[in-house]
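Data block for run32.txt (compact mmCIF, N, CA, C and O atoms):
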# COMPACT_ATOMS: atom_id res chain seq x y z
N MET H 1 83.68 125.38 167.15
CA MET H 1 84.24 124.85 165.93
C MET H 1 83.42 125.34 164.74
O MET H 1 82.21 125.25 164.74
N SER H 2 84.09 125.87 163.73
CA SER H 2 83.41 126.36 162.53
C SER H 2 83.07 125.19 161.60
O SER H 2 83.78 124.20 161.55
N ARG H 3 81.99 125.37 160.91
CA ARG H 3 81.57 124.39 159.92
C ARG H 3 81.69 125.01 158.54
O ARG H 3 81.67 126.23 158.39
N PHE H 4 81.80 124.14 157.56
CA PHE H 4 81.96 124.62 156.18
C PHE H 4 80.84 125.57 155.80
O PHE H 4 81.07 126.61 155.20
N LYS H 5 79.60 125.23 156.17
CA LYS H 5 78.46 126.06 155.78
C LYS H 5 78.56 127.48 156.37
O LYS H 5 77.97 128.41 155.85
N ASP H 6 79.31 127.65 157.44
CA ASP H 6 79.48 128.97 158.04
C ASP H 6 80.29 129.90 157.16
O ASP H 6 80.23 131.12 157.29
N PHE H 7 81.07 129.35 156.24
CA PHE H 7 81.91 130.15 155.36
C PHE H 7 81.20 130.51 154.05
O PHE H 7 81.68 131.36 153.31
N ILE H 8 80.08 129.88 153.78
CA ILE H 8 79.34 130.11 152.54
C ILE H 8 78.40 131.28 152.75
O ILE H 8 77.50 131.23 153.58
N LYS H 9 78.62 132.34 152.00
CA LYS H 9 77.79 133.54 152.13
C LYS H 9 76.67 133.57 151.10
O LYS H 9 75.66 134.20 151.30
N GLU H 10 76.88 132.93 149.96
CA GLU H 10 75.88 132.91 148.90
C GLU H 10 75.53 131.46 148.58
O GLU H 10 76.35 130.57 148.77
N PRO H 11 74.33 131.24 148.06
CA PRO H 11 73.97 129.86 147.69
C PRO H 11 74.90 129.31 146.60
O PRO H 11 75.31 130.04 145.71
N ILE H 12 75.23 128.05 146.70
CA ILE H 12 76.05 127.40 145.69
C ILE H 12 75.12 126.67 144.74
O ILE H 12 74.26 125.90 145.17
N GLU H 13 75.29 126.92 143.46
CA GLU H 13 74.48 126.25 142.47
C GLU H 13 75.38 125.40 141.59
O GLU H 13 76.56 125.68 141.43
N GLU H 14 74.79 124.38 141.02
CA GLU H 14 75.52 123.52 140.09
C GLU H 14 75.93 124.36 138.88
O GLU H 14 75.17 125.20 138.41
N ALA H 15 77.12 124.12 138.38
CA ALA H 15 77.57 124.81 137.18
C ALA H 15 76.63 124.48 136.04
O ALA H 15 76.25 123.33 135.84
N SER H 16 76.23 125.48 135.29
CA SER H 16 75.30 125.26 134.20
C SER H 16 75.77 126.02 132.98
O SER H 16 76.18 127.17 133.07
N TYR H 17 75.75 125.35 131.86
CA TYR H 17 76.13 125.96 130.59
C TYR H 17 75.43 125.23 129.47
O TYR H 17 74.90 124.14 129.67
N ALA H 18 75.40 125.83 128.31
CA ALA H 18 74.71 125.23 127.16
C ALA H 18 75.25 123.82 126.92
O ALA H 18 76.44 123.59 126.90
N GLY H 19 74.34 122.87 126.79
CA GLY H 19 74.74 121.49 126.55
C GLY H 19 75.07 120.71 127.81
O GLY H 19 75.45 119.56 127.74
N ASN H 20 74.91 121.33 128.95
CA ASN H 20 75.22 120.68 130.22
C ASN H 20 74.08 119.76 130.65
O ASN H 20 72.92 120.11 130.52
N ILE H 21 74.42 118.59 131.11
CA ILE H 21 73.44 117.70 131.75
C ILE H 21 73.86 117.61 133.21
O ILE H 21 74.99 117.30 133.51
N GLY H 22 72.94 117.91 134.11
CA GLY H 22 73.25 117.89 135.52
C GLY H 22 73.54 116.50 136.04
O GLY H 22 73.06 115.50 135.49
N PHE H 23 74.31 116.44 137.08
CA PHE H 23 74.67 115.16 137.70
C PHE H 23 73.44 114.40 138.15
O PHE H 23 73.30 113.21 137.91
N GLU H 24 72.53 115.11 138.78
CA GLU H 24 71.32 114.46 139.30
C GLU H 24 70.49 113.83 138.18
O GLU H 24 70.03 112.70 138.30
N GLU H 25 70.34 114.56 137.07
CA GLU H 25 69.58 114.03 135.95
C GLU H 25 70.26 112.81 135.34
O GLU H 25 69.60 111.84 134.95
N MET H 26 71.58 112.84 135.27
CA MET H 26 72.32 111.72 134.71
C MET H 26 72.15 110.47 135.60
O MET H 26 71.92 109.37 135.10
N VAL H 27 72.22 110.65 136.90
CA VAL H 27 72.03 109.52 137.83
C VAL H 27 70.62 108.97 137.69
O VAL H 27 70.42 107.75 137.61
N MET H 28 69.63 109.85 137.63
CA MET H 28 68.25 109.41 137.47
C MET H 28 68.09 108.62 136.17
O MET H 28 67.40 107.59 136.14
N PHE H 29 68.73 109.09 135.11
CA PHE H 29 68.64 108.40 133.82
C PHE H 29 69.22 107.00 133.91
O PHE H 29 68.60 106.02 133.49
N TYR H 30 70.43 106.87 134.45
CA TYR H 30 71.07 105.55 134.55
C TYR H 30 70.27 104.60 135.44
O TYR H 30 70.29 103.40 135.23
N ARG H 31 69.58 105.12 136.42
CA ARG H 31 68.78 104.26 137.30
C ARG H 31 67.51 103.76 136.63
O ARG H 31 67.07 102.66 136.88
N LYS H 32 66.92 104.61 135.79
CA LYS H 32 65.61 104.29 135.24
C LYS H 32 65.66 103.70 133.83
O LYS H 32 64.80 102.90 133.46
N ALA H 33 66.65 104.07 133.04
CA ALA H 33 66.70 103.68 131.63
C ALA H 33 67.05 102.20 131.46
O ALA H 33 67.75 101.61 132.28
N LYS H 34 66.56 101.63 130.38
CA LYS H 34 66.92 100.26 130.01
C LYS H 34 68.29 100.29 129.35
O LYS H 34 68.76 101.33 128.88
N ASP H 35 68.92 99.14 129.29
CA ASP H 35 70.27 99.04 128.71
C ASP H 35 70.33 99.62 127.29
O ASP H 35 71.29 100.31 126.95
N ASP H 36 69.31 99.34 126.48
CA ASP H 36 69.30 99.86 125.11
C ASP H 36 69.26 101.38 125.08
O ASP H 36 69.91 102.02 124.25
N ASP H 37 68.47 101.97 125.99
CA ASP H 37 68.39 103.43 126.04
C ASP H 37 69.71 104.04 126.51
O ASP H 37 70.11 105.11 126.03
N ILE H 38 70.38 103.38 127.43
CA ILE H 38 71.69 103.87 127.90
C ILE H 38 72.69 103.84 126.75
O ILE H 38 73.42 104.81 126.54
N LYS H 39 72.69 102.77 125.97
CA LYS H 39 73.59 102.69 124.82
C LYS H 39 73.29 103.79 123.81
O LYS H 39 74.20 104.43 123.29
N LYS H 40 71.99 104.03 123.55
CA LYS H 40 71.59 105.10 122.63
C LYS H 40 72.11 106.45 123.12
O LYS H 40 72.62 107.25 122.35
N MET H 41 71.92 106.71 124.41
CA MET H 41 72.34 107.99 124.97
C MET H 41 73.84 108.17 124.86
O MET H 41 74.33 109.23 124.48
N GLU H 42 74.60 107.13 125.17
CA GLU H 42 76.06 107.22 125.10
C GLU H 42 76.53 107.46 123.66
O GLU H 42 77.47 108.22 123.43
N ILE H 43 75.87 106.83 122.70
CA ILE H 43 76.21 107.06 121.28
C ILE H 43 75.90 108.51 120.90
O ILE H 43 76.70 109.18 120.24
N MET H 44 74.74 109.00 121.32
CA MET H 44 74.36 110.38 121.00
C MET H 44 75.33 111.38 121.61
O MET H 44 75.66 112.39 120.98
N ILE H 45 75.80 111.11 122.81
CA ILE H 45 76.76 112.02 123.45
C ILE H 45 78.06 112.03 122.66
O ILE H 45 78.63 113.09 122.40
N ARG H 46 78.52 110.84 122.24
CA ARG H 46 79.76 110.79 121.43
C ARG H 46 79.60 111.55 120.12
O ARG H 46 80.53 112.19 119.65
N LYS H 47 78.41 111.49 119.54
CA LYS H 47 78.14 112.18 118.28
C LYS H 47 77.76 113.64 118.49
O LYS H 47 77.48 114.36 117.53
N LYS H 48 77.68 114.05 119.74
CA LYS H 48 77.30 115.42 120.12
C LYS H 48 75.90 115.78 119.62
O LYS H 48 75.65 116.88 119.16
N SER H 49 74.99 114.82 119.73
CA SER H 49 73.61 115.02 119.34
C SER H 49 72.80 115.49 120.55
O SER H 49 72.11 114.70 121.21
N TRP H 50 72.89 116.77 120.87
CA TRP H 50 72.20 117.34 122.03
C TRP H 50 70.69 117.18 121.91
O TRP H 50 70.00 116.86 122.87
N ILE H 51 70.16 117.37 120.71
CA ILE H 51 68.71 117.25 120.51
C ILE H 51 68.26 115.82 120.81
O ILE H 51 67.24 115.61 121.47
N GLY H 52 69.01 114.83 120.35
CA GLY H 52 68.66 113.44 120.61
C GLY H 52 68.70 113.10 122.09
O GLY H 52 67.82 112.41 122.61
N VAL H 53 69.71 113.60 122.79
CA VAL H 53 69.82 113.36 124.24
C VAL H 53 68.64 114.00 124.96
O VAL H 53 68.03 113.38 125.84
N LYS H 54 68.31 115.23 124.59
CA LYS H 54 67.17 115.91 125.22
C LYS H 54 65.88 115.12 125.03
O LYS H 54 65.09 114.95 125.96
N LYS H 55 65.66 114.61 123.81
CA LYS H 55 64.45 113.83 123.53
C LYS H 55 64.43 112.54 124.35
O LYS H 55 63.39 112.13 124.86
N LEU H 56 65.57 111.90 124.47
CA LEU H 56 65.65 110.65 125.23
C LEU H 56 65.39 110.90 126.72
O LEU H 56 64.68 110.13 127.36
N PHE H 57 65.95 111.97 127.27
CA PHE H 57 65.70 112.30 128.68
C PHE H 57 64.23 112.61 128.89
O PHE H 57 63.64 112.25 129.91
N LYS H 58 63.61 113.29 127.93
CA LYS H 58 62.18 113.60 128.03
C LYS H 58 61.37 112.30 128.04
O LYS H 58 60.45 112.13 128.83
N LYS H 59 61.74 111.36 127.16
CA LYS H 59 61.02 110.09 127.06
C LYS H 59 61.18 109.25 128.33
O LYS H 59 60.20 108.72 128.86
N ILE H 60 62.39 109.15 128.85
CA ILE H 60 62.67 108.27 129.99
C ILE H 60 62.28 108.92 131.32
O ILE H 60 61.68 108.29 132.19
N LEU H 61 62.64 110.19 131.50
CA LEU H 61 62.46 110.85 132.80
C LEU H 61 61.29 111.82 132.84
O LEU H 61 60.93 112.31 133.90
N ASP H 62 60.74 112.15 131.66
CA ASP H 62 59.69 113.15 131.56
C ASP H 62 60.16 114.51 132.11
O ASP H 62 59.42 115.18 132.82
N ILE H 63 61.41 114.85 131.81
CA ILE H 63 61.93 116.17 132.15
C ILE H 63 62.51 116.79 130.89
O ILE H 63 62.98 116.09 129.99
N GLU H 64 62.46 118.11 130.81
CA GLU H 64 63.01 118.81 129.67
C GLU H 64 64.34 119.45 130.06
O GLU H 64 64.39 120.26 130.98
N LEU H 65 65.38 119.05 129.36
CA LEU H 65 66.67 119.70 129.55
C LEU H 65 66.66 120.97 128.72
O LEU H 65 66.21 120.98 127.58
N LYS H 66 67.14 122.04 129.30
CA LYS H 66 67.13 123.31 128.61
C LYS H 66 68.53 123.83 128.40
O LYS H 66 69.42 123.56 129.17
N GLU H 67 68.67 124.59 127.35
CA GLU H 67 69.95 125.26 127.11
C GLU H 67 69.90 126.59 127.84
O GLU H 67 68.87 127.23 127.92
N LYS H 68 71.02 126.96 128.37
CA LYS H 68 71.07 128.19 129.16
C LYS H 68 71.91 129.22 128.47
O LYS H 68 72.82 128.95 127.78

For the structure just supplied, provide its representation as structure tokens.
Amino acid sequence: MSRFKDFIKEPIEEASYAGNIGFEEMVMFYRKAKDDDIKKMEIMIRKKSWIGVKKLFKKILDIELKEK
């Protein structure tokens, strides 16, 4: 019986583009952030404030989101 991984010839990577926040980082943020920080992040996303979101992720998760 063939498995899905047998059909994959090249590594699969998460889609990445400028302004993209990865799924894993978003889950980590929602798990760790306080309610006020989540509200701030959601407002910044609606306003398309990429710089603000990057700063908030750095503050909460200590990771730097990069533009590609």

Could you check which of H:Leu61, H:Lys54, H:Glu42, H:Lys48 is closest to Met28 in chain H, using all atoms listed in the file?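 The shortest atom-to-atom distance to Met28 in chain H comes from H:Leu61.
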
Atomic separation - CA of Trp50 in chain H relative to CA of Gly22 in chain H, Å: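 Spanning CA of Gly22 in chain H to CA of Trp50 in chain H is a straight-line distance of 13.5 Å.
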
Have a look at atom C of Ser49 in chain H and atom O of Arg31 in chain H and let me know their distance in Å, one decimal. 21.5 Å

Counting only N, CA, C and O atoms, which of H:Lys66, H:Met44, H:Ile51, H:Leu56 gets nearest to Phe29 in chain H?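 Of all the options, H:Leu56 lies closest to Phe29 in chain H.
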
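Around Ile60 in chain H, within 9 Å and counting only C-alpha atoms, the residues found are Phe29, Lys32, Ala33, Asp37, Lys55, Leu56, Phe57 and Ile63 of chain H, once anything fewer than 3 positions away on its own chain is removed.
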
Do you have the CA of Val53 in chain H-CA of Asp36 in chain H distance handy? 13.5 Å
